[in-house]
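upload.txt (compact mmCIF, C-alpha atoms) appears below.
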```
# COMPACT_ATOMS: atom_id res chain seq x y z
CA MET A 1 -10.16 -23.47 30.57
CA ALA A 2 -10.97 -22.09 34.01
CA ASP A 3 -12.31 -18.55 34.06
CA GLU A 4 -9.27 -17.14 35.85
CA VAL A 5 -6.91 -18.72 33.32
CA GLY A 6 -8.97 -17.31 30.46
CA VAL A 7 -8.87 -13.84 31.97
CA THR A 8 -5.11 -14.01 32.50
CA MET A 9 -4.45 -15.15 28.96
CA SER A 10 -6.89 -12.65 27.47
CA ARG A 11 -5.06 -9.80 29.22
CA ARG A 12 -1.75 -10.99 27.77
CA LEU A 13 -3.34 -11.29 24.33
CA ASP A 14 -4.52 -7.68 24.56
CA GLU A 15 -0.90 -6.68 25.13
CA LEU A 16 0.31 -8.77 22.20
CA MET A 17 -2.39 -7.76 19.73
CA PRO A 18 -0.87 -4.51 18.36
CA ASP A 19 2.25 -6.43 17.35
CA LEU A 20 0.19 -9.31 15.93
CA GLU A 21 -1.94 -6.92 13.87
CA ALA A 22 1.21 -5.30 12.47
CA PHE A 23 2.62 -8.77 11.74
CA TYR A 24 -0.57 -9.71 9.90
CA ARG A 25 -0.48 -6.59 7.72
CA ASP A 26 3.16 -7.25 6.90
CA LEU A 27 2.43 -10.87 5.93
CA HIS A 28 -0.50 -9.77 3.80
CA GLU A 29 1.62 -7.19 2.00
CA HIS A 30 4.46 -9.66 1.38
CA PRO A 31 2.88 -12.98 0.31
CA GLU A 32 4.96 -15.86 -1.03
CA LEU A 33 4.05 -18.73 -3.35
CA SER A 34 4.13 -22.41 -2.42
CA PHE A 35 7.56 -23.70 -1.37
CA GLN A 36 8.85 -20.11 -1.60
CA GLU A 37 7.79 -18.98 1.91
CA VAL A 38 11.35 -17.99 2.83
CA ARG A 39 10.63 -14.56 4.34
CA THR A 40 7.56 -15.80 6.22
CA ALA A 41 9.38 -18.84 7.58
CA ALA A 42 12.34 -16.76 8.78
CA GLU A 43 10.11 -14.41 10.76
CA VAL A 44 8.11 -17.30 12.23
CA ALA A 45 11.32 -19.06 13.30
CA ARG A 46 12.67 -15.87 14.87
CA ARG A 47 9.53 -15.41 16.93
CA LEU A 48 9.31 -19.04 18.04
CA ASP A 49 12.95 -18.96 19.12
CA ALA A 50 12.26 -15.82 21.18
CA PHE A 51 9.31 -17.58 22.85
CA GLY A 52 11.56 -20.44 23.97
CA TYR A 53 10.63 -23.13 21.46
CA GLN A 54 13.07 -25.66 20.03
CA VAL A 55 12.93 -24.57 16.39
CA THR A 56 13.65 -26.64 13.28
CA THR A 57 13.61 -24.89 9.92
CA GLY A 58 13.65 -26.17 6.35
CA VAL A 59 11.32 -29.08 7.10
CA GLY A 60 9.77 -29.99 3.76
CA ARG A 61 11.88 -27.26 2.11
CA THR A 62 10.40 -24.19 3.84
CA GLY A 63 8.39 -25.52 6.79
CA VAL A 64 9.03 -24.48 10.40
CA VAL A 65 8.41 -26.60 13.50
CA GLY A 66 8.54 -25.24 17.04
CA VAL A 67 8.47 -27.72 19.93
CA LEU A 68 7.86 -26.62 23.52
CA ARG A 69 8.30 -29.44 26.05
CA ASN A 70 6.73 -28.67 29.39
CA GLY A 71 6.81 -31.80 31.52
CA ASP A 72 4.97 -35.08 31.17
CA GLY A 73 1.65 -34.99 29.39
CA PRO A 74 -0.04 -35.17 26.01
CA THR A 75 1.48 -33.93 22.77
CA VAL A 76 -0.66 -31.42 20.85
CA VAL A 77 0.08 -30.25 17.31
CA LEU A 78 -1.27 -26.88 16.15
CA ARG A 79 -0.88 -26.37 12.41
CA ALA A 80 -0.96 -23.30 10.16
CA ASP A 81 -0.21 -23.09 6.43
CA MET A 82 1.91 -20.24 5.03
CA ASP A 83 1.66 -20.03 1.23
CA ALA A 84 -0.20 -17.54 -0.96
CA LEU A 85 -1.86 -17.76 -4.38
CA PRO A 86 -1.13 -16.47 -7.89
CA VAL A 87 -3.92 -13.87 -7.70
CA ARG A 88 -3.83 -10.12 -8.37
CA GLU A 89 -5.27 -8.39 -5.29
CA GLU A 90 -8.24 -6.07 -5.81
CA THR A 91 -9.26 -5.34 -2.21
CA GLY A 92 -8.15 -1.70 -2.17
CA LEU A 93 -6.62 -2.16 1.30
CA ASP A 94 -3.79 0.17 2.24
CA TYR A 95 -1.73 -2.95 2.99
CA ALA A 96 -2.75 -4.77 -0.22
CA SER A 97 -0.19 -6.95 -1.93
CA ARG A 98 1.63 -5.70 -4.99
CA ALA A 99 3.98 -8.65 -4.97
CA THR A 100 4.83 -10.83 -7.92
CA GLY A 101 6.59 -14.16 -8.15
CA VAL A 102 7.58 -16.97 -10.46
CA ASP A 103 5.27 -19.97 -10.27
CA ARG A 104 6.26 -23.63 -10.65
CA TYR A 105 5.72 -23.37 -14.41
CA GLY A 106 8.23 -20.54 -14.71
CA GLN A 107 5.60 -17.84 -15.27
CA GLN A 108 5.71 -14.38 -13.67
CA VAL A 109 2.47 -14.01 -11.69
CA PRO A 110 0.88 -11.65 -9.15
CA VAL A 111 0.79 -13.01 -5.59
CA MET A 112 -1.89 -12.51 -2.92
CA HIS A 113 -2.93 -14.06 0.36
CA ALA A 114 -6.34 -14.73 -1.17
CA CYS A 115 -7.00 -17.73 1.07
CA GLY A 116 -6.16 -16.22 4.45
CA HIS A 117 -3.00 -18.13 5.28
CA ASP A 118 -1.60 -14.88 6.65
CA VAL A 119 -4.38 -15.05 9.25
CA HIS A 120 -3.41 -18.63 10.08
CA VAL A 121 0.27 -17.77 10.57
CA THR A 122 -0.56 -14.76 12.73
CA CYS A 123 -3.01 -16.65 14.93
CA LEU A 124 -0.69 -19.59 15.53
CA THR A 125 2.20 -17.23 16.30
CA GLY A 126 0.01 -15.48 18.86
CA ALA A 127 -1.17 -18.75 20.40
CA ALA A 128 2.42 -19.99 20.61
CA ALA A 129 3.37 -16.84 22.51
CA VAL A 130 0.45 -17.01 24.93
CA LEU A 131 0.93 -20.70 25.73
CA ALA A 132 4.68 -20.26 26.19
CA GLU A 133 4.19 -17.42 28.66
CA HIS A 134 1.62 -19.41 30.64
CA ARG A 135 3.30 -22.79 30.75
CA ASP A 136 2.62 -22.90 34.51
CA ARG A 137 -1.01 -23.57 33.52
CA TRP A 138 -0.40 -26.76 31.54
CA ARG A 139 1.82 -29.83 31.15
CA GLY A 140 2.78 -31.73 28.04
CA THR A 141 4.36 -30.93 24.67
CA LEU A 142 3.12 -28.24 22.32
CA VAL A 143 4.08 -28.37 18.64
CA ALA A 144 3.60 -25.24 16.51
CA LEU A 145 3.73 -26.48 12.93
CA PHE A 146 3.98 -23.95 10.08
CA GLN A 147 3.43 -25.80 6.82
CA PRO A 148 4.43 -24.73 3.31
CA ALA A 149 2.64 -25.36 0.02
CA GLU A 150 -0.89 -26.26 1.08
CA GLU A 151 -2.24 -24.70 -2.09
CA VAL A 152 -0.48 -27.22 -4.32
CA GLY A 153 -1.27 -30.19 -2.09
CA GLY A 154 2.32 -31.17 -1.41
CA GLY A 155 3.32 -29.30 1.73
CA ALA A 156 2.16 -31.71 4.42
CA GLN A 157 3.59 -34.74 2.64
CA SER A 158 6.89 -32.97 1.98
CA MET A 159 7.26 -32.29 5.72
CA LEU A 160 6.48 -35.91 6.53
CA ASP A 161 9.00 -37.10 3.93
CA ASP A 162 11.56 -34.82 5.58
CA GLY A 163 11.21 -36.46 9.00
CA LEU A 164 8.51 -34.30 10.61
CA LEU A 165 7.31 -37.02 12.97
CA ASP A 166 10.84 -37.59 14.28
CA LEU A 167 10.85 -34.13 15.85
CA PHE A 168 8.32 -34.92 18.60
CA ASP A 169 6.47 -37.77 20.29
CA ARG A 170 3.41 -39.30 18.69
CA PRO A 171 0.71 -36.60 18.99
CA ASP A 172 -2.47 -37.13 20.95
CA VAL A 173 -4.29 -34.76 18.58
CA VAL A 174 -3.60 -32.58 15.53
CA LEU A 175 -5.56 -29.32 15.39
CA GLY A 176 -5.96 -26.60 12.79
CA GLN A 177 -8.25 -23.83 11.62
CA HIS A 178 -9.03 -21.98 8.39
CA VAL A 179 -10.39 -18.47 8.03
CA THR A 180 -13.32 -18.20 5.66
CA ALA A 181 -16.09 -15.84 4.57
CA LEU A 182 -18.44 -16.59 7.48
CA PRO A 183 -19.35 -14.06 10.19
CA ALA A 184 -16.31 -12.83 12.12
CA GLY A 185 -16.25 -14.09 15.69
CA THR A 186 -17.82 -17.45 14.85
CA LEU A 187 -16.20 -20.88 15.02
CA ASN A 188 -17.70 -23.33 12.55
CA TYR A 189 -17.24 -27.09 12.65
CA ARG A 190 -18.22 -30.35 11.03
CA ALA A 191 -17.67 -33.78 12.56
CA GLY A 192 -16.73 -36.56 10.16
CA ALA A 193 -16.16 -35.64 6.51
CA ALA A 194 -15.63 -31.87 6.61
CA MET A 195 -13.84 -31.10 3.35
CA ALA A 196 -13.76 -32.90 0.03
CA ALA A 197 -11.01 -34.89 -1.59
CA ALA A 198 -9.56 -33.09 -4.61
CA ASP A 199 -7.80 -34.33 -7.72
CA SER A 200 -6.24 -31.93 -10.22
CA LEU A 201 -5.76 -33.42 -13.69
CA ARG A 202 -4.04 -32.29 -16.86
CA ILE A 203 -5.39 -33.80 -20.11
CA THR A 204 -3.39 -33.31 -23.28
CA LEU A 205 -5.36 -34.01 -26.46
CA HIS A 206 -3.36 -34.80 -29.59
CA GLY A 207 -4.51 -33.69 -33.00
CA LYS A 208 -2.84 -32.95 -36.31
CA GLY A 209 -1.90 -29.40 -37.15
CA SER A 210 -2.89 -27.75 -40.41
CA HIS A 211 -3.82 -24.42 -41.99
CA GLY A 212 -6.98 -22.87 -40.67
CA SER A 213 -8.41 -22.80 -44.18
CA ARG A 214 -7.97 -26.56 -44.57
CA PRO A 215 -9.38 -28.25 -41.45
CA GLU A 216 -9.99 -31.42 -43.45
CA ALA A 217 -6.21 -31.85 -43.70
CA GLY A 218 -5.78 -32.01 -39.94
CA VAL A 219 -7.37 -33.23 -36.72
CA ASP A 220 -8.56 -30.23 -34.73
CA PRO A 221 -7.77 -30.60 -31.00
CA VAL A 222 -9.57 -27.34 -30.23
CA VAL A 223 -12.94 -28.73 -31.31
CA MET A 224 -12.03 -32.02 -29.66
CA ALA A 225 -11.35 -30.16 -26.40
CA ALA A 226 -14.59 -28.18 -26.67
CA ALA A 227 -16.57 -31.38 -27.16
CA LEU A 228 -14.80 -33.00 -24.21
CA VAL A 229 -15.51 -30.02 -21.94
CA MET A 230 -19.22 -30.31 -22.64
CA ARG A 231 -19.23 -34.09 -22.27
CA LEU A 232 -17.47 -33.88 -18.91
CA GLN A 233 -20.37 -31.81 -17.59
CA THR A 234 -22.58 -34.90 -17.79
CA ILE A 235 -20.52 -36.88 -15.28
CA VAL A 236 -22.09 -35.43 -12.14
CA SER A 237 -25.60 -35.31 -13.61
CA ARG A 238 -25.57 -38.76 -15.26
CA HIS A 239 -22.92 -40.89 -13.56
CA VAL A 240 -23.18 -39.84 -9.90
CA ALA A 241 -26.22 -40.69 -7.77
CA ALA A 242 -28.39 -37.78 -6.66
CA GLY A 243 -27.60 -38.48 -3.01
CA ASP A 244 -23.86 -38.36 -3.56
CA ALA A 245 -21.71 -35.26 -4.02
CA ALA A 246 -19.10 -34.50 -6.67
CA VAL A 247 -17.84 -31.57 -8.71
CA VAL A 248 -16.00 -31.61 -12.04
CA THR A 249 -14.63 -28.23 -13.13
CA VAL A 250 -12.56 -27.46 -16.21
CA GLY A 251 -10.58 -24.44 -15.04
CA SER A 252 -8.17 -24.11 -17.95
CA LEU A 253 -8.29 -24.82 -21.69
CA GLN A 254 -5.27 -23.82 -23.75
CA ALA A 255 -4.54 -24.44 -27.42
CA GLY A 256 -2.88 -22.72 -30.34
CA LEU A 257 -1.14 -19.40 -30.91
CA LYS A 258 -2.77 -17.96 -34.03
CA GLU A 259 -6.27 -17.77 -35.43
CA ASN A 260 -5.47 -19.35 -38.82
CA ILE A 261 -3.40 -22.30 -37.57
CA ILE A 262 -4.99 -25.49 -36.28
CA PRO A 263 -2.62 -26.59 -33.48
CA ALA A 264 -1.32 -30.06 -32.82
CA THR A 265 -2.41 -30.25 -29.18
CA ALA A 266 -4.89 -28.84 -26.67
CA GLU A 267 -4.56 -28.97 -22.91
CA LEU A 268 -7.31 -29.07 -20.30
CA LYS A 269 -6.86 -28.76 -16.53
CA LEU A 270 -9.57 -30.18 -14.31
CA SER A 271 -10.48 -30.04 -10.65
CA VAL A 272 -12.46 -32.97 -9.26
CA ARG A 273 -14.06 -32.92 -5.78
CA SER A 274 -15.66 -35.78 -3.90
CA PHE A 275 -16.24 -37.18 -0.42
CA ASP A 276 -16.77 -40.89 -1.02
CA PRO A 277 -13.85 -42.98 -2.39
CA ALA A 278 -16.22 -44.99 -4.57
CA VAL A 279 -17.68 -41.82 -6.09
CA ARG A 280 -14.16 -40.48 -6.64
CA ALA A 281 -13.15 -43.65 -8.48
CA ARG A 282 -16.29 -43.54 -10.63
CA VAL A 283 -15.71 -39.91 -11.61
CA LEU A 284 -12.03 -40.39 -12.45
CA THR A 285 -12.82 -43.48 -14.51
CA ALA A 286 -15.50 -41.57 -16.43
CA ILE A 287 -13.09 -38.71 -17.18
CA GLU A 288 -10.52 -41.12 -18.63
CA ARG A 289 -13.13 -42.98 -20.64
CA MET A 290 -14.62 -39.80 -22.11
CA ALA A 291 -11.24 -38.31 -23.01
CA LYS A 292 -10.25 -41.46 -24.86
CA ALA A 293 -13.64 -41.70 -26.55
CA GLU A 294 -13.45 -38.13 -27.89
CA ALA A 295 -9.97 -38.77 -29.23
CA LEU A 296 -11.22 -41.90 -30.98
CA ALA A 297 -14.29 -40.12 -32.36
CA PHE A 298 -12.15 -37.33 -33.85
CA GLY A 299 -9.62 -39.73 -35.33
CA ALA A 300 -6.79 -38.45 -33.16
CA PRO A 301 -3.35 -39.86 -34.03
CA ARG A 302 -2.81 -41.03 -30.44
CA GLU A 303 -4.61 -41.39 -27.13
CA PRO A 304 -4.74 -38.43 -24.76
CA GLU A 305 -2.26 -38.10 -21.90
CA ILE A 306 -3.87 -37.84 -18.47
CA GLU A 307 -1.65 -36.63 -15.63
CA VAL A 308 -2.52 -36.22 -11.95
CA MET A 309 -0.99 -32.88 -10.91
CA GLU A 310 -2.26 -32.66 -7.33
CA SER A 311 -4.27 -34.87 -5.01
CA PHE A 312 -5.81 -34.00 -1.63
CA PRO A 313 -7.51 -36.59 0.58
CA ALA A 314 -10.83 -35.77 2.18
CA THR A 315 -10.53 -33.95 5.51
CA VAL A 316 -12.27 -36.16 8.07
CA ASN A 317 -12.61 -34.84 11.60
CA ASP A 318 -12.44 -37.38 14.40
CA GLU A 319 -15.91 -37.62 15.98
CA ALA A 320 -14.80 -37.86 19.62
CA ALA A 321 -12.14 -35.15 19.31
CA THR A 322 -14.62 -32.85 17.56
CA ALA A 323 -17.14 -33.34 20.37
CA ARG A 324 -14.51 -32.44 22.96
CA LEU A 325 -13.49 -29.36 20.99
CA VAL A 326 -17.08 -28.16 20.47
CA GLU A 327 -17.81 -28.50 24.19
CA THR A 328 -14.64 -26.55 25.04
CA PHE A 329 -15.40 -23.81 22.52
CA GLY A 330 -18.97 -23.54 23.77
CA SER A 331 -17.82 -23.12 27.36
CA PHE A 332 -15.30 -20.41 26.50
CA PHE A 333 -16.96 -18.47 23.65
CA GLY A 334 -20.64 -19.23 24.23
CA THR A 335 -22.69 -21.67 22.20
CA ALA A 336 -24.04 -18.92 19.90
CA GLN A 337 -20.57 -18.43 18.41
CA VAL A 338 -20.01 -22.14 17.77
CA ARG A 339 -21.93 -23.39 14.76
CA GLU A 340 -22.25 -26.66 12.88
CA ILE A 341 -21.99 -26.29 9.10
CA PRO A 342 -22.45 -28.62 6.10
CA PRO A 343 -19.44 -30.30 4.49
CA ILE A 344 -17.36 -28.00 2.28
CA MET A 345 -16.32 -28.84 -1.28
CA GLY A 346 -12.99 -27.08 -0.75
CA SER A 347 -9.98 -29.27 0.00
CA GLU A 348 -6.99 -29.35 2.36
CA ASP A 349 -3.92 -31.49 2.99
CA PHE A 350 -4.23 -30.94 6.76
CA GLY A 351 -5.50 -34.47 7.37
CA VAL A 352 -2.37 -36.04 5.90
CA ILE A 353 -0.42 -35.27 9.08
CA GLY A 354 -2.88 -36.81 11.51
CA THR A 355 -3.27 -39.89 9.31
CA ALA A 356 0.50 -40.42 9.11
CA ALA A 357 0.84 -39.93 12.87
CA LYS A 358 -2.14 -42.23 13.57
CA ALA A 359 -3.63 -39.47 15.69
CA PRO A 360 -7.12 -37.93 15.73
CA SER A 361 -7.37 -34.56 14.04
CA VAL A 362 -9.88 -31.71 13.98
CA PHE A 363 -10.06 -28.83 11.51
CA TRP A 364 -12.50 -25.96 12.04
CA PHE A 365 -13.43 -22.74 10.25
CA LEU A 366 -12.81 -19.29 11.67
CA GLY A 367 -15.28 -16.64 10.53
CA GLY A 368 -13.62 -13.56 9.12
CA TRP A 369 -16.30 -11.50 7.37
CA ASP A 370 -18.28 -8.46 8.50
CA PRO A 371 -21.25 -10.00 10.39
CA GLN A 372 -23.69 -7.30 9.32
CA ALA A 373 -22.74 -7.57 5.65
CA PHE A 374 -22.97 -11.33 5.84
CA ALA A 375 -26.39 -11.23 7.57
CA ALA A 376 -27.74 -8.83 4.93
CA ALA A 377 -26.48 -11.02 2.08
CA GLU A 378 -27.82 -14.16 3.76
CA ALA A 379 -31.24 -12.55 4.24
CA GLY A 380 -31.31 -11.58 0.59
CA GLY A 381 -30.03 -14.92 -0.63
CA THR A 382 -27.01 -13.26 -2.25
CA THR A 383 -24.05 -14.58 -0.25
CA ASP A 384 -22.58 -16.21 -3.38
CA GLN A 385 -22.66 -12.87 -5.21
CA ASP A 386 -21.97 -10.37 -2.41
CA ILE A 387 -19.50 -12.14 -0.09
CA PRO A 388 -16.10 -12.81 -1.71
CA ALA A 389 -14.98 -16.35 -1.00
CA ASN A 390 -11.50 -17.71 -0.45
CA HIS A 391 -9.34 -17.41 -3.60
CA SER A 392 -11.21 -14.28 -4.70
CA PRO A 393 -9.09 -11.17 -5.47
CA HIS A 394 -11.50 -9.35 -3.13
CA PHE A 395 -11.06 -11.70 -0.15
CA ALA A 396 -10.21 -9.50 2.84
CA PRO A 397 -10.98 -10.82 6.34
CA LEU A 398 -11.66 -8.31 9.09
CA ILE A 399 -8.60 -7.94 11.27
CA GLN A 400 -10.77 -7.80 14.37
CA PRO A 401 -12.31 -9.74 15.92
CA THR A 402 -10.85 -12.37 13.58
CA LEU A 403 -7.30 -12.38 14.95
CA THR A 404 -8.36 -12.28 18.60
CA VAL A 405 -10.85 -15.12 18.22
CA GLY A 406 -8.39 -17.10 16.09
CA VAL A 407 -5.65 -16.92 18.72
CA GLN A 408 -8.07 -17.70 21.54
CA ALA A 409 -9.48 -20.67 19.63
CA LEU A 410 -6.05 -22.25 19.20
CA VAL A 411 -5.15 -21.65 22.86
CA VAL A 412 -8.45 -23.04 24.13
CA ALA A 413 -8.23 -26.02 21.76
CA ALA A 414 -4.70 -26.90 22.90
CA LEU A 415 -5.67 -26.65 26.56
CA ALA A 416 -8.55 -29.06 25.98
CA TRP A 417 -5.87 -31.78 25.70
CA LEU A 418 -2.84 -30.48 27.59
CA LYS A 419 -2.77 -31.38 31.31
CA ARG A 420 -3.79 -28.59 33.65
```

Go through the file and emit its structure as structure tokens.
Amino acid sequence: MADEVGVTMSRRLDELMPDLEAFYRDLHEHPELSFQEVRTAAEVARRLDAFGYQVTTGVGRTGVVGVLRNGDGPTVVLRADMDALPVREETGLDYASRATGVDRYGQQVPVMHACGHDVHVTCLTGAAAVLAEHRDRWRGTLVALFQPAEEVGGGAQSMLDDGLLDLFDRPDVVLGQHVTALPAGTLNYRAGAAMAAADSLRITLHGKGSHGSRPEAGVDPVVMAAALVMRLQTIVSRHVAAGDAAVVTVGSLQAGLKENIIPATAELKLSVRSFDPAVRARVLTAIERMAKAEALAFGAPREPEIEVMESFPATVNDEAATARLVETFGSFFGTAQVREIPPIMGSEDFGVIGTAAKAPSVFWFLGGWDPQAFAAAEAGGTTDQDIPANHSPHFAPLIQPTLTVGVQALVVAALAWLKR
């Protein structure tokens, strides 16, 4: 972006920022669960319509797509996700969420934007406004894509299944960003494999119920589950090479209702992370083998049921597109603010859209944490303990400079492809 264009757009962003900050606080205070982003989607659609975009709502149930055609040129997709998490907020902010909702299992749960999707929505809304008001500076087609249900891994695919790619020409690039607990004002990138693939599994172990005083009369699925949890911990240490990366986490174990009744079943929920497809296959095969082996060892009446609940592909950033983006960011923000980081074990369904469209995609990480607090924790080696990560009930990005840099990053990224 030429200096004069950057100055012009920055002045307009200064004018927009009070409204964007208020919008962010409102989104944070009123989070919505996956595929329930009705209020958020309505406000996004209203704003895009006011900016002059051709707006389509209800894409993939609650997704919103704004298309701004501005002459011949490339097509650029900017994506933000909208959903929140079933987390009870503990930030103490005056705009903290007190919302509750009903999750996909029919349970009443607290709801919080514990992953920063409110930041993503706000930044893309701001970028859409800035680019619409300065369309004399570029040519092409801009697509502002607001995706539902990233947290459950189905949002991107649901939009594709609902005809997303019929709404605009084949994109030249798909771009997105994610706020995280890195120093505010920084833009962090990784070419190639940037985020892990993720598989969420539910394993139901079948036993035989009996009285707690007579375990010999039953088959105890609680002990079976406990043994399986411990055995699963050997997969990464004994079945995955030291140079490869994988994570196996048992995040939920549920069985029984009363202390003196041996239940008939126990249920485990697992999260598996990997980068390499061969490693992924090895880990998933080991999980199935171990679950069946424990059932056999305990004399279970039937084999366990193993269900894939969610599946995210690895997020792989196109090498050439990443290089172009890094150069553009460095020119606009200064190279000190643009940092290369290691791959992240977190997962995203962002890459599904670029893959389906056969277009290069780039996903980067927007710093949102107090730089001084982060530097102090980093110096003391306590970032894991002192800096709340995404999905924490204490996750609270700084409003500034996070929103300003986030909007600028999306604008600058889009203009790296759109014709001048």

**OP:** Give me the residues within 7 Å of Ala197 (chain A) as a PyMOL selection string, counting all atoms listed in the file and dropping any in the same chain fewer than 2 places off.
**Re:** chain A and resi 195+199+273-275+312-314+347

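If only C-alpha atoms are the atoms counted, then among A:Arg25, A:Arg420, A:Arg39, A:Arg79 the closest residue to His178 (chain A) is A:Arg79.
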
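The shortest atom-to-atom distance to Thr285 (chain A), with only C-alpha atoms taken into account, belongs to A:His239 out of A:Arg324, A:His239, A:Arg214, A:Arg137.
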
Original post:
Which residue out of A:Pro401, A:Pro393, A:Gly185, A:Pro74 has the minimum interatomic distance to Pro86 (chain A) when all atoms listed in the file are used?
Top reply: A:Pro393

**OP:** With a distance cut-off of 7 Å and all atoms listed in the file, select the neighbouring residues of region 357-370 of chain A, excluding the residue or stretch itself and same-chain residues fewer than 5 positions from it, and output the selection as a PyMOL selection string.
**Re:** chain A and resi 170-189+317-318+321-322+351+397-398+402+406

Original post:
Nearest to Pro221 (chain A) among A:Gly354, A:Gly209, A:Gly92, A:Gly334, with distances taken over only C-alpha atoms: which residue is it?
Top reply: A:Gly209

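The coordinates place CA of Ala264 (chain A) at 4.8 Å from CA of Gly207 (chain A).
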
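Checking A:Arg104, A:His113, A:Arg47, A:Arg12 one by one against Phe395 (chain A), counting all atoms listed in the file, you find the shortest gap at A:His113.
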
Can you patch up region 91-96 of chain A, filling it in to all heavy atoms, and show the result as a PDB file, in the coordinates of the input?
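File out_2.pdb, as written:
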```
ATOM      1  N   THR A  91      -8.510  -5.718  -3.404  1.00  0.00           N
ATOM      2  CA  THR A  91      -9.260  -5.340  -2.210  1.00  0.00           C
ATOM      3  C   THR A  91      -9.270  -3.839  -1.956  1.00  0.00           C
ATOM      4  O   THR A  91     -10.165  -3.340  -1.273  1.00  0.00           O
ATOM      5  CB  THR A  91      -8.658  -6.027  -0.964  1.00  0.00           C
ATOM      6  OG1 THR A  91      -7.300  -5.578  -0.804  1.00  0.00           O
ATOM      7  CG2 THR A  91      -8.674  -7.548  -1.113  1.00  0.00           C
ATOM      8  N   GLY A  92      -8.265  -3.126  -2.450  1.00  0.00           N
ATOM      9  CA  GLY A  92      -8.150  -1.700  -2.170  1.00  0.00           C
ATOM     10  C   GLY A  92      -7.625  -1.388  -0.781  1.00  0.00           C
ATOM     11  O   GLY A  92      -7.604  -0.218  -0.373  1.00  0.00           O
ATOM     12  N   LEU A  93      -7.166  -2.390  -0.038  1.00  0.00           N
ATOM     13  CA  LEU A  93      -6.620  -2.160   1.300  1.00  0.00           C
ATOM     14  C   LEU A  93      -5.326  -1.362   1.212  1.00  0.00           C
ATOM     15  O   LEU A  93      -4.576  -1.468   0.232  1.00  0.00           O
ATOM     16  CB  LEU A  93      -6.336  -3.499   1.976  1.00  0.00           C
ATOM     17  CG  LEU A  93      -7.546  -4.396   2.292  1.00  0.00           C
ATOM     18  CD1 LEU A  93      -7.075  -5.791   2.668  1.00  0.00           C
ATOM     19  CD2 LEU A  93      -8.381  -3.787   3.406  1.00  0.00           C
ATOM     20  N   ASP A  94      -5.046  -0.590   2.253  1.00  0.00           N
ATOM     21  CA  ASP A  94      -3.790   0.170   2.240  1.00  0.00           C
ATOM     22  C   ASP A  94      -2.585  -0.741   2.449  1.00  0.00           C
ATOM     23  O   ASP A  94      -1.442  -0.331   2.227  1.00  0.00           O
ATOM     24  CB  ASP A  94      -3.810   1.302   3.274  1.00  0.00           C
ATOM     25  CG  ASP A  94      -4.049   0.814   4.697  1.00  0.00           C
ATOM     26  OD1 ASP A  94      -4.131  -0.410   4.910  1.00  0.00           O
ATOM     27  OD2 ASP A  94      -4.151   1.669   5.592  1.00  0.00           O
ATOM     28  N   TYR A  95      -2.810  -1.986   2.865  1.00  0.00           N
ATOM     29  CA  TYR A  95      -1.730  -2.950   2.990  1.00  0.00           C
ATOM     30  C   TYR A  95      -1.885  -4.073   1.947  1.00  0.00           C
ATOM     31  O   TYR A  95      -1.402  -5.193   2.121  1.00  0.00           O
ATOM     32  CB  TYR A  95      -1.657  -3.541   4.398  1.00  0.00           C
ATOM     33  CG  TYR A  95      -2.961  -4.106   4.937  1.00  0.00           C
ATOM     34  CD1 TYR A  95      -3.284  -5.436   4.760  1.00  0.00           C
ATOM     35  CD2 TYR A  95      -3.859  -3.306   5.644  1.00  0.00           C
ATOM     36  CE1 TYR A  95      -4.462  -5.975   5.240  1.00  0.00           C
ATOM     37  CE2 TYR A  95      -5.043  -3.825   6.147  1.00  0.00           C
ATOM     38  CZ  TYR A  95      -5.340  -5.150   5.944  1.00  0.00           C
ATOM     39  OH  TYR A  95      -6.508  -5.671   6.422  1.00  0.00           O
ATOM     40  N   ALA A  96      -2.547  -3.783   0.838  1.00  0.00           N
ATOM     41  CA  ALA A  96      -2.750  -4.770  -0.220  1.00  0.00           C
ATOM     42  C   ALA A  96      -1.421  -5.196  -0.829  1.00  0.00           C
ATOM     43  O   ALA A  96      -0.453  -4.432  -0.874  1.00  0.00           O
ATOM     44  CB  ALA A  96      -3.658  -4.193  -1.305  1.00  0.00           C
TER      45      ALA A  96
END
```
